[in-house]
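Engineer: Enclosed is the structure file coords-v7.txt (compact mmCIF, C-alpha atoms).
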```txt
# COMPACT_ATOMS: atom_id res chain seq x y z
CA MET A 24 -25.74 13.11 -13.21
CA ASN A 25 -24.26 16.61 -12.96
CA ILE A 26 -20.47 16.29 -12.82
CA ARG A 27 -20.09 19.63 -11.08
CA SER A 28 -22.49 18.50 -8.34
CA LEU A 29 -20.48 15.30 -7.96
CA ARG A 30 -17.24 17.27 -7.54
CA ILE A 31 -18.81 19.57 -4.95
CA PHE A 32 -19.92 16.51 -2.98
CA VAL A 33 -16.40 14.99 -3.06
CA TYR A 34 -14.75 18.30 -2.10
CA VAL A 35 -17.12 18.77 0.85
CA MET A 36 -16.25 15.25 2.03
CA GLU A 37 -12.54 16.08 1.80
CA GLU A 38 -12.61 19.66 3.12
CA GLY A 39 -15.36 19.43 5.72
CA THR A 40 -16.96 22.78 4.84
CA LEU A 41 -18.96 24.06 1.91
CA ALA A 42 -16.90 27.26 1.82
CA ARG A 43 -13.61 25.45 1.18
CA ALA A 44 -15.26 23.12 -1.33
CA ALA A 45 -16.69 26.14 -3.20
CA GLU A 46 -13.26 27.77 -3.20
CA ARG A 47 -11.70 24.72 -4.83
CA MET A 48 -14.38 24.85 -7.53
CA HIS A 49 -14.05 28.62 -7.96
CA LEU A 50 -17.75 29.01 -7.16
CA SER A 51 -19.65 31.20 -4.74
CA GLN A 52 -20.85 29.40 -1.62
CA SER A 53 -24.48 29.82 -2.70
CA ALA A 54 -23.75 28.31 -6.14
CA ALA A 55 -21.96 25.37 -4.53
CA SER A 56 -24.90 24.84 -2.17
CA ARG A 57 -27.28 24.74 -5.15
CA GLN A 58 -25.11 22.13 -6.88
CA LEU A 59 -25.12 19.98 -3.76
CA GLY A 60 -28.88 20.37 -3.49
CA LEU A 61 -29.31 19.23 -7.09
CA LEU A 62 -27.44 16.01 -6.31
CA GLU A 63 -29.58 15.32 -3.25
CA GLU A 64 -32.78 16.05 -5.20
CA GLU A 65 -31.79 13.88 -8.13
CA PHE A 66 -31.35 10.81 -5.93
CA ASP A 67 -33.81 11.78 -3.16
CA VAL A 68 -31.18 11.43 -0.44
CA THR A 69 -29.76 13.55 2.38
CA LEU A 70 -25.98 13.62 2.16
CA PHE A 71 -25.07 16.03 4.98
CA SER A 72 -26.40 17.34 8.25
CA ARG A 73 -25.29 20.76 9.50
CA ASP A 74 -23.28 21.41 12.67
CA GLN A 75 -22.69 25.16 12.85
CA LYS A 76 -20.43 25.83 9.82
CA ARG A 77 -19.50 22.22 9.20
CA LEU A 78 -21.34 19.65 7.11
CA ILE A 79 -21.51 16.22 8.73
CA PRO A 80 -21.70 13.34 6.23
CA THR A 81 -24.66 11.00 6.62
CA PRO A 82 -24.21 7.20 6.34
CA GLN A 83 -25.49 7.51 2.76
CA ALA A 84 -22.72 10.02 2.00
CA GLU A 85 -20.04 7.74 3.47
CA THR A 86 -21.29 4.88 1.30
CA PHE A 87 -21.49 7.01 -1.83
CA TYR A 88 -18.06 8.68 -1.39
CA PRO A 89 -15.82 5.87 -2.79
CA GLU A 90 -18.21 5.41 -5.70
CA ALA A 91 -18.11 9.13 -6.44
CA LEU A 92 -14.30 9.07 -6.36
CA SER A 93 -14.25 6.17 -8.80
CA LEU A 94 -16.63 7.94 -11.19
CA LEU A 95 -14.60 11.15 -11.14
CA ALA A 96 -11.34 9.24 -11.62
CA GLN A 97 -12.73 7.67 -14.79
CA ILE A 98 -14.00 11.02 -16.03
CA ASP A 99 -10.69 12.77 -15.29
CA ASP A 100 -8.81 10.02 -17.13
CA LEU A 101 -10.75 10.49 -20.38
CA PRO A 102 -8.44 13.19 -21.86
CA THR A 103 -5.45 10.89 -21.33
CA VAL A 104 -7.26 7.95 -22.92
CA PHE A 105 -8.31 9.97 -25.99
CA GLY A 106 -4.85 11.55 -26.24
CA GLN A 107 -3.20 8.16 -26.26
CA MET A 108 -5.68 6.87 -28.83
CA LYS A 109 -4.94 9.86 -31.05
CA GLU A 110 -1.16 9.57 -30.70
CA ASP A 111 -1.12 5.76 -30.58
CA ILE A 112 0.87 5.84 -27.33
CA ARG A 113 0.79 2.80 -25.03
CA SER A 114 -0.83 3.56 -21.66
CA PRO A 115 1.58 3.25 -18.72
CA LEU A 116 0.97 0.43 -16.27
CA ARG A 117 0.28 2.28 -13.01
CA ILE A 118 1.47 0.30 -9.97
CA ILE A 119 1.07 1.35 -6.34
CA SER A 120 3.03 -0.53 -3.71
CA GLN A 121 3.32 -0.61 0.03
CA THR A 122 6.72 0.74 1.06
CA ARG A 123 7.62 -2.44 2.95
CA ILE A 124 7.76 -4.64 -0.16
CA ALA A 125 8.68 -2.15 -2.87
CA ASN A 126 12.45 -2.75 -3.00
CA GLY A 127 12.45 -6.45 -2.16
CA LEU A 128 9.56 -7.64 -4.33
CA VAL A 129 8.02 -5.04 -6.63
CA VAL A 130 11.18 -3.48 -8.10
CA PRO A 131 12.78 -6.85 -8.99
CA ALA A 132 9.48 -7.91 -10.56
CA ILE A 133 9.43 -4.71 -12.62
CA ALA A 134 12.96 -5.47 -13.86
CA GLU A 135 11.88 -8.93 -15.05
CA PHE A 136 8.66 -7.56 -16.54
CA ALA A 137 10.62 -4.89 -18.44
CA ALA A 138 12.83 -7.56 -19.97
CA GLN A 139 9.79 -9.46 -21.24
CA TYR A 140 7.67 -6.43 -22.22
CA PRO A 141 10.15 -3.66 -23.12
CA GLU A 142 7.51 -1.56 -24.90
CA GLN A 143 5.26 -1.26 -21.82
CA PRO A 144 5.91 1.93 -19.77
CA ILE A 145 5.41 1.72 -15.99
CA ASN A 146 4.55 4.27 -13.32
CA LEU A 147 5.43 3.10 -9.78
CA GLU A 148 4.12 4.93 -6.71
CA ILE A 149 5.36 3.81 -3.29
CA MET A 150 3.61 4.71 -0.03
CA LEU A 151 3.04 3.61 3.55
CA ARG A 152 0.25 1.08 3.94
CA ARG A 153 -1.81 3.47 6.05
CA ASP A 154 -1.91 5.85 3.06
CA LEU A 155 -2.90 3.18 0.55
CA GLY A 156 -6.58 3.13 1.52
CA ARG A 157 -7.31 6.65 0.31
CA ARG A 158 -5.22 6.09 -2.82
CA ILE A 159 -7.10 2.90 -3.60
CA MET A 160 -10.44 4.68 -3.26
CA HIS A 161 -9.45 7.08 -6.04
CA ARG A 162 -8.85 4.05 -8.32
CA GLN A 163 -6.15 5.89 -10.26
CA PHE A 164 -3.97 2.79 -10.57
CA ASP A 165 -3.87 -0.49 -12.45
CA LEU A 166 -2.33 -2.79 -9.85
CA CYS A 167 -1.86 -2.46 -6.08
CA VAL A 168 0.53 -4.65 -4.02
CA SER A 169 0.18 -4.72 -0.24
CA ALA A 170 -0.06 -6.75 2.93
CA LEU A 171 -3.51 -8.31 3.41
CA PRO A 172 -6.19 -7.43 4.10
CA LEU A 173 -6.04 -4.48 1.72
CA PRO A 174 -6.76 -1.18 3.52
CA ALA A 175 -10.03 -0.65 1.62
CA GLU A 176 -13.35 -2.45 1.50
CA LYS A 177 -15.08 -4.10 -1.45
CA LEU A 178 -11.86 -5.36 -2.99
CA ASP A 179 -11.12 -8.98 -3.89
CA PRO A 180 -7.32 -9.30 -3.97
CA ILE A 181 -5.34 -12.09 -5.57
CA PRO A 182 -3.27 -13.69 -2.77
CA LEU A 183 0.48 -14.02 -3.21
CA GLY A 184 0.96 -16.07 -0.05
CA ALA A 185 2.26 -15.60 3.47
CA THR A 186 5.80 -14.84 4.52
CA THR A 187 7.38 -15.73 7.86
CA LEU A 188 9.13 -13.16 10.04
CA CYS A 189 12.75 -13.83 10.95
CA ILE A 190 15.41 -11.99 12.92
CA ALA A 191 17.65 -9.82 10.75
CA LEU A 192 21.21 -9.59 12.10
CA PRO A 193 24.47 -8.26 10.66
CA ARG A 194 26.48 -10.98 8.96
CA GLY A 195 29.18 -12.05 11.40
CA HIS A 196 27.06 -11.39 14.52
CA SER A 197 27.53 -13.99 17.24
CA LEU A 198 23.88 -15.11 16.90
CA ALA A 199 23.86 -15.23 13.10
CA SER A 200 24.77 -18.93 12.94
CA ARG A 201 21.94 -20.09 15.22
CA CYS A 202 19.22 -22.38 13.85
CA SER A 203 16.52 -20.28 15.49
CA LEU A 204 16.16 -17.46 17.98
CA GLY A 205 13.71 -16.47 20.71
CA PRO A 206 13.15 -13.55 23.10
CA GLN A 207 15.68 -14.87 25.62
CA ASP A 208 18.39 -14.87 22.95
CA MET A 209 17.79 -11.24 22.01
CA ARG A 210 18.14 -9.75 25.49
CA GLY A 211 20.84 -7.14 25.44
CA VAL A 212 20.86 -6.88 21.65
CA PRO A 213 19.49 -3.45 20.59
CA TYR A 214 15.99 -3.83 19.13
CA ILE A 215 15.32 -1.85 15.94
CA ALA A 216 11.53 -1.74 15.67
CA LEU A 217 8.99 -0.45 13.21
CA ASP A 218 6.62 2.09 14.72
CA GLU A 219 3.31 1.09 16.30
CA SER A 220 1.24 2.04 13.24
CA THR A 221 2.70 -0.80 11.16
CA VAL A 222 1.27 -4.29 10.66
CA VAL A 223 4.57 -5.91 11.66
CA ARG A 224 4.86 -4.03 14.96
CA ARG A 225 1.25 -4.76 15.93
CA LEU A 226 1.75 -8.45 15.15
CA ILE A 227 4.91 -8.61 17.27
CA ASP A 228 3.44 -6.67 20.19
CA ARG A 229 0.37 -8.91 20.17
CA HIS A 230 2.16 -12.28 20.07
CA VAL A 231 5.70 -11.84 21.40
CA ALA A 232 6.61 -11.30 25.06
CA GLY A 233 9.99 -10.80 26.68
CA LEU A 234 11.65 -8.44 24.20
CA ASP A 235 13.61 -5.44 25.41
CA LYS A 236 12.14 -2.04 24.63
CA PRO A 237 13.13 -0.75 21.20
CA VAL A 238 16.32 1.31 21.10
CA TYR A 239 15.45 2.61 17.63
CA GLU A 240 12.01 3.07 16.05
CA VAL A 241 11.51 3.76 12.36
CA SER A 242 8.46 4.10 10.14
CA VAL A 243 9.66 1.93 7.23
CA GLY A 244 11.41 -1.42 7.05
CA THR A 245 14.10 -0.24 4.64
CA ALA A 246 15.43 2.12 7.33
CA ALA A 247 15.42 -0.67 9.93
CA TYR A 248 17.36 -3.01 7.65
CA ARG A 249 19.97 -0.36 6.93
CA LEU A 250 20.50 0.14 10.65
CA VAL A 251 20.92 -3.63 11.02
CA HIS A 252 23.36 -3.60 8.11
CA ARG A 253 25.43 -0.99 9.97
CA GLY A 254 25.60 -3.22 13.04
CA LEU A 255 23.28 -1.23 15.32
CA GLY A 256 21.07 -4.15 16.40
CA PHE A 257 18.41 -6.58 15.18
CA ALA A 258 15.04 -6.19 13.47
CA PHE A 259 12.19 -8.45 12.44
CA ALA A 260 12.28 -8.99 8.68
CA ASP A 261 11.50 -11.45 5.93
CA PRO A 262 12.99 -12.14 2.49
CA ILE A 263 10.09 -10.39 0.75
CA SER A 264 10.78 -7.04 2.38
CA LEU A 265 14.59 -7.20 2.62
CA ASP A 266 16.33 -4.98 0.08
CA PRO A 267 18.37 -7.20 -2.30
CA GLU A 268 21.40 -4.92 -2.10
CA LEU A 269 21.56 -5.49 1.68
CA ALA A 270 21.26 -9.27 1.49
CA ASP A 271 25.03 -9.89 1.47
CA GLY A 272 25.45 -8.01 4.76
CA ILE A 273 22.41 -9.35 6.62
CA VAL A 274 21.51 -12.83 7.85
CA LEU A 275 17.89 -13.89 8.41
CA VAL A 276 17.60 -16.32 11.32
CA PRO A 277 14.24 -18.10 11.84
CA TRP A 278 12.22 -16.91 14.85
CA GLU A 279 11.18 -19.74 17.18
CA GLN A 280 7.54 -18.64 17.02
CA GLU A 281 5.91 -18.64 13.59
CA LEU A 282 4.67 -15.15 12.78
CA THR A 283 3.26 -14.75 9.29
CA ILE A 284 2.03 -11.85 7.16
CA ALA A 285 -0.09 -12.42 4.07
CA PHE A 286 0.41 -10.41 0.88
CA GLY A 287 -1.59 -9.99 -2.28
CA TYR A 288 -2.34 -7.71 -5.19
CA PHE A 289 -5.45 -6.17 -6.71
CA VAL A 290 -5.98 -5.40 -10.39
CA ALA A 291 -8.10 -2.38 -11.29
CA ALA A 292 -6.72 -1.87 -14.78
CA GLN A 293 -8.42 -0.09 -17.63
CA GLN A 294 -8.99 -2.05 -20.84
CA THR A 295 -5.75 -0.72 -22.35
CA THR A 296 -3.59 -2.02 -19.46
CA GLU A 297 -5.50 -5.05 -18.16
CA GLN A 298 -3.41 -7.59 -20.06
CA SER A 299 -0.16 -6.01 -18.85
CA ALA A 300 -1.44 -5.85 -15.26
CA HIS A 301 -2.23 -9.56 -15.17
CA ALA A 302 1.11 -10.39 -16.79
CA PHE A 303 2.89 -8.37 -14.12
CA GLY A 304 0.83 -10.12 -11.43
CA LYS A 305 2.08 -13.51 -12.62
CA ILE A 306 5.67 -12.31 -12.39
CA LEU A 307 4.98 -11.04 -8.85
CA GLU A 308 3.68 -14.47 -7.89
CA GLN A 309 6.81 -16.16 -9.22
CA HIS A 310 9.12 -13.78 -7.34
CA PHE A 311 7.14 -14.24 -4.13
CA VAL A 312 7.38 -18.04 -4.30
CA ARG A 313 11.13 -17.91 -4.94
CA LYS A 314 11.78 -15.52 -2.07
CA CYS A 315 9.62 -17.46 0.39
CA GLY A 316 11.71 -20.52 -0.48
CA ASP A 317 14.71 -18.76 1.07
CA VAL A 318 13.07 -18.95 4.52
CA GLU A 319 11.98 -22.57 4.04
CA ARG A 320 15.60 -23.52 3.31
CA LEU A 321 16.64 -21.77 6.51
CA ARG A 322 14.17 -23.84 8.53
CA THR A 323 15.25 -27.21 7.10
```
Show me this structure written as structure tokens.
Structural biologist:
Amino acid sequence: MNIRSLRIFVYVMEEGTLARAAERMHLSQSAASRQLGLLEEEFDVTLFSRDQKRLIPTPQAETFYPEALSLLAQIDDLPTVFGQMKEDIRSPLRIISQTRIANGLVVPAIAEFAAQYPEQPINLEIMLRRDLGRRIMHRQFDLCVSALPLPAEKLDPIPLGATTLCIALPRGHSLASRCSLGPQDMRGVPYIALDESTVVRRLIDRHVAGLDKPVYEVSVGTAAYRLVHRGLGFAFADPISLDPELADGIVLVPWEQELTIAFGYFVAAQQTTEQSAHAFGKILEQHFVRKCGDVERLRT
């Protein structure tokens, strides 16, 4: 397979036009077109149909795109692999995490992992769940932690378990000592909501009726919890996502209706990091179980 043809295909998928793909490759448009034609001829497949100046991907192109990304990611990683072999440097464990659980779950797990494996370097990349899908397709990571299902097909994640949503209130709030809360209890208390693109907000909007309209909307849970911490209202939260440094100033009160979100992780490690990735996964599992126990104690 011609690597240059493969790159042209990927760039056309990302840019939408042959001209912009050719520019990224520093090729003339005619040369880029020939490279794309070589790929189609080699596999006897039509990858694009033309619509004026745009190239419209065929179903075959959509299917081939994630595979092409994976191939290029492995090829692009070869210099790093050989460099590390030559210099005898340990490969970093590359972790990508959904923003929601980075501070409450992934960072504490990294701290414990570092204590057990001090020689293993780690790269942590944090992003919104809606951005994880594209990142996962590039396969430039060793371990991904996210709410389930993972935002990409053809992946078989290892489940961590499900966590139950509670109401996060400032410590000392008049409702903080209640055994459970429902929509009628929250009337008049400012609602700090995640935006409608998030899994949590869609779950709440689908299953909960009777809440006041949000007074504040934020895109990430960490911002919502900080607003709660400052006494501006309530938010839906769970012990997995709650930042540890905010725990002393926030109380989690069980919600009368059980709303759960499942989490898991996926290992895509190279041979040099596979053992470390699975070791980190086991630590994640232990942290998840301990933190979920906090909610179970609240309910009993």
Engineer: Nearest to Glu219 in chain A: which of A:Met160, A:Asp165, A:Arg153, A:Thr186 is it, counting only C-alpha atoms?
Structural biologist: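 When distances to Glu219 in chain A are compared using only C-alpha atoms, the smallest one comes from A:Arg153.
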Engineer: Rounded to one decimal place, report the CA of Leu166 in chain A-CA of Ile118 in chain A distance in Å.
Structural biologist: 4.9 Å
Engineer: Please report the interatomic distance between CA of Arg253 in chain A and CA of Pro193 in chain A in Å with one decimal.
Structural biologist: 7.4 Å
Engineer: Go through A:Leu94, A:Val223, A:Ile284, A:Leu41 one by one, measure the shortest atom-to-atom distance of each to Asp74 in chain A using all atoms listed in the file, and give the residue with the smallest value.
Structural biologist: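 Answer, going by the shortest atom-to-atom distance: A:Leu41.
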Engineer: Provide the CA of Pro206 in chain A to CA of Glu279 in chain A distance in Å, to one decimal place.
Structural biologist: 8.8 Å
Engineer: Which protein, DNA or RNA residues have an atom at most 12 Å from (-22.0, 16.0, 5.9), counting all atoms listed in the file? List them as a CSV table (one decimal) with C-alpha atoms, in the frame of the given file.
Structural biologist:
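Saved as part31.csv:
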```csv
chain,number,residue,atom,x,y,z
A,31,ILE,CA,-18.8,19.6,-5.0
A,32,PHE,CA,-19.9,16.5,-3.0
A,33,VAL,CA,-16.4,15.0,-3.1
A,34,TYR,CA,-14.8,18.3,-2.1
A,35,VAL,CA,-17.1,18.8,0.8
A,36,MET,CA,-16.2,15.2,2.0
A,37,GLU,CA,-12.5,16.1,1.8
A,38,GLU,CA,-12.6,19.7,3.1
A,39,GLY,CA,-15.4,19.4,5.7
A,40,THR,CA,-17.0,22.8,4.8
A,41,LEU,CA,-19.0,24.1,1.9
A,59,LEU,CA,-25.1,20.0,-3.8
A,63,GLU,CA,-29.6,15.3,-3.2
A,69,THR,CA,-29.8,13.6,2.4
A,70,LEU,CA,-26.0,13.6,2.2
A,71,PHE,CA,-25.1,16.0,5.0
A,72,SER,CA,-26.4,17.3,8.2
A,73,ARG,CA,-25.3,20.8,9.5
A,74,ASP,CA,-23.3,21.4,12.7
A,75,GLN,CA,-22.7,25.2,12.8
A,76,LYS,CA,-20.4,25.8,9.8
A,77,ARG,CA,-19.5,22.2,9.2
A,78,LEU,CA,-21.3,19.6,7.1
A,79,ILE,CA,-21.5,16.2,8.7
A,80,PRO,CA,-21.7,13.3,6.2
A,81,THR,CA,-24.7,11.0,6.6
A,82,PRO,CA,-24.2,7.2,6.3
A,83,GLN,CA,-25.5,7.5,2.8
A,84,ALA,CA,-22.7,10.0,2.0
A,85,GLU,CA,-20.0,7.7,3.5
A,87,PHE,CA,-21.5,7.0,-1.8
A,88,TYR,CA,-18.1,8.7,-1.4
```
Engineer: At a cut-off of 9 Å, using only C-alpha atoms, what residues contact Leu198 in chain A? Leave out same-chain residues fewer than 4 positions from it and give the result as a list in words.
Structural biologist: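 Everything that qualifies: Leu192, Leu204, Asp208, Met209 and Val276 of chain A.
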Engineer: Counting all atoms listed in the file, what is within 7 Å of Leu171 in chain A, bar same-chain residues fewer than 5 positions away, as a PyMOL selection string?
Structural biologist: chain A and resi 285-287
Engineer: Counting all atoms listed in the file, figure out which residue out of A:Tyr140, A:Tyr214, A:Tyr248, A:Phe164 gets nearest to Asn126 in chain A.
Structural biologist: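 Looking at the shortest contact to Asn126 in chain A, the residue is A:Tyr248.
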Engineer: List the neighbours of Gly60 in chain A out to 9 Å using all atoms listed in the file; skip same-chain residues closer than 5 positions along the sequence, and give me the result as a ChimeraX atom specification.
Structural biologist: /A:28,55,65
Engineer: At a cut-off of 9 Å, using only C-alpha atoms, what residues contact Leu151 in chain A? Leave out same-chain residues fewer than 2 positions from it and give the result as a ChimeraX atom specification.
Structural biologist: /A:120-123,149,153-155,221,242-243
Engineer: Point out the residue among A:Ala216, A:Glu268, A:Arg43, A:Ala191 with the least atom-to-atom distance to Asp228 in chain A, counting only C-alpha atoms.
Structural biologist: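 Closest to Asp228 in chain A, using only C-alpha atoms: A:Ala216.
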Engineer: What's around range 142-148 of chain A at 8 Å? Count all atoms listed in the file, leave out sequence neighbours fewer than 3 positions away in its own chain, and write the answer as a list in words.
Structural biologist: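 Answer for this query is Arg113, Ser114, Pro115, Leu116, Arg117, Ile118, Ile119, Ser120, Ala137 and Ser299 of chain A.
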Engineer: Once you add 8 Å to each side, what are the centre and edge lengths of the axis-aligned box holding all listed atoms of range 138-149 of chain A? One decimal in Å, as JSON, if you can.
Structural biologist:
```
{"center_x": 8.5, "center_y": -2.3, "center_z": -14.1, "size_x": 24.7, "size_y": 30.4, "size_z": 37.6}
```
Engineer: Around (5.0, -12.6, 5.4) in the file's own coordinates, what residues are found within 12 Å if you use only C-alpha atoms, given back as a PDB file with C-alpha atoms, keeping the file's coordinate frame?
Structural biologist:
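Once written, out.pdb looks like this:
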```
ATOM      1  CA  ARG A 123       7.620  -2.440   2.950  1.00  0.00           C
ATOM      2  CA  ILE A 124       7.760  -4.640  -0.160  1.00  0.00           C
ATOM      3  CA  LEU A 128       9.560  -7.640  -4.330  1.00  0.00           C
ATOM      4  CA  SER A 169       0.180  -4.720  -0.240  1.00  0.00           C
ATOM      5  CA  ALA A 170      -0.060  -6.750   2.930  1.00  0.00           C
ATOM      6  CA  LEU A 171      -3.510  -8.310   3.410  1.00  0.00           C
ATOM      7  CA  PRO A 182      -3.270 -13.690  -2.770  1.00  0.00           C
ATOM      8  CA  LEU A 183       0.480 -14.020  -3.210  1.00  0.00           C
ATOM      9  CA  GLY A 184       0.960 -16.070  -0.050  1.00  0.00           C
ATOM     10  CA  ALA A 185       2.260 -15.600   3.470  1.00  0.00           C
ATOM     11  CA  THR A 186       5.800 -14.840   4.520  1.00  0.00           C
ATOM     12  CA  THR A 187       7.380 -15.730   7.860  1.00  0.00           C
ATOM     13  CA  LEU A 188       9.130 -13.160  10.040  1.00  0.00           C
ATOM     14  CA  CYS A 189      12.750 -13.830  10.950  1.00  0.00           C
ATOM     15  CA  VAL A 222       1.270  -4.290  10.660  1.00  0.00           C
ATOM     16  CA  VAL A 223       4.570  -5.910  11.660  1.00  0.00           C
ATOM     17  CA  LEU A 226       1.750  -8.450  15.150  1.00  0.00           C
ATOM     18  CA  PHE A 259      12.190  -8.450  12.440  1.00  0.00           C
ATOM     19  CA  ALA A 260      12.280  -8.990   8.680  1.00  0.00           C
ATOM     20  CA  ASP A 261      11.500 -11.450   5.930  1.00  0.00           C
ATOM     21  CA  PRO A 262      12.990 -12.140   2.490  1.00  0.00           C
ATOM     22  CA  ILE A 263      10.090 -10.390   0.750  1.00  0.00           C
ATOM     23  CA  SER A 264      10.780  -7.040   2.380  1.00  0.00           C
ATOM     24  CA  LEU A 265      14.590  -7.200   2.620  1.00  0.00           C
ATOM     25  CA  GLU A 281       5.910 -18.640  13.590  1.00  0.00           C
ATOM     26  CA  LEU A 282       4.670 -15.150  12.780  1.00  0.00           C
ATOM     27  CA  THR A 283       3.260 -14.750   9.290  1.00  0.00           C
ATOM     28  CA  ILE A 284       2.030 -11.850   7.160  1.00  0.00           C
ATOM     29  CA  ALA A 285      -0.090 -12.420   4.070  1.00  0.00           C
ATOM     30  CA  PHE A 286       0.410 -10.410   0.880  1.00  0.00           C
ATOM     31  CA  GLY A 287      -1.590  -9.990  -2.280  1.00  0.00           C
ATOM     32  CA  PHE A 311       7.140 -14.240  -4.130  1.00  0.00           C
ATOM     33  CA  VAL A 312       7.380 -18.040  -4.300  1.00  0.00           C
ATOM     34  CA  LYS A 314      11.780 -15.520  -2.070  1.00  0.00           C
ATOM     35  CA  CYS A 315       9.620 -17.460   0.390  1.00  0.00           C
ATOM     36  CA  GLY A 316      11.710 -20.520  -0.480  1.00  0.00           C
ATOM     37  CA  VAL A 318      13.070 -18.950   4.520  1.00  0.00           C
TER      38      VAL A 318
END
```
Engineer: With distances taken over only C-alpha atoms, which residue among A:Val231, A:Leu50, A:Pro131, A:Ile181 lies nearest Cys167 in chain A?
Structural biologist: A:Ile181
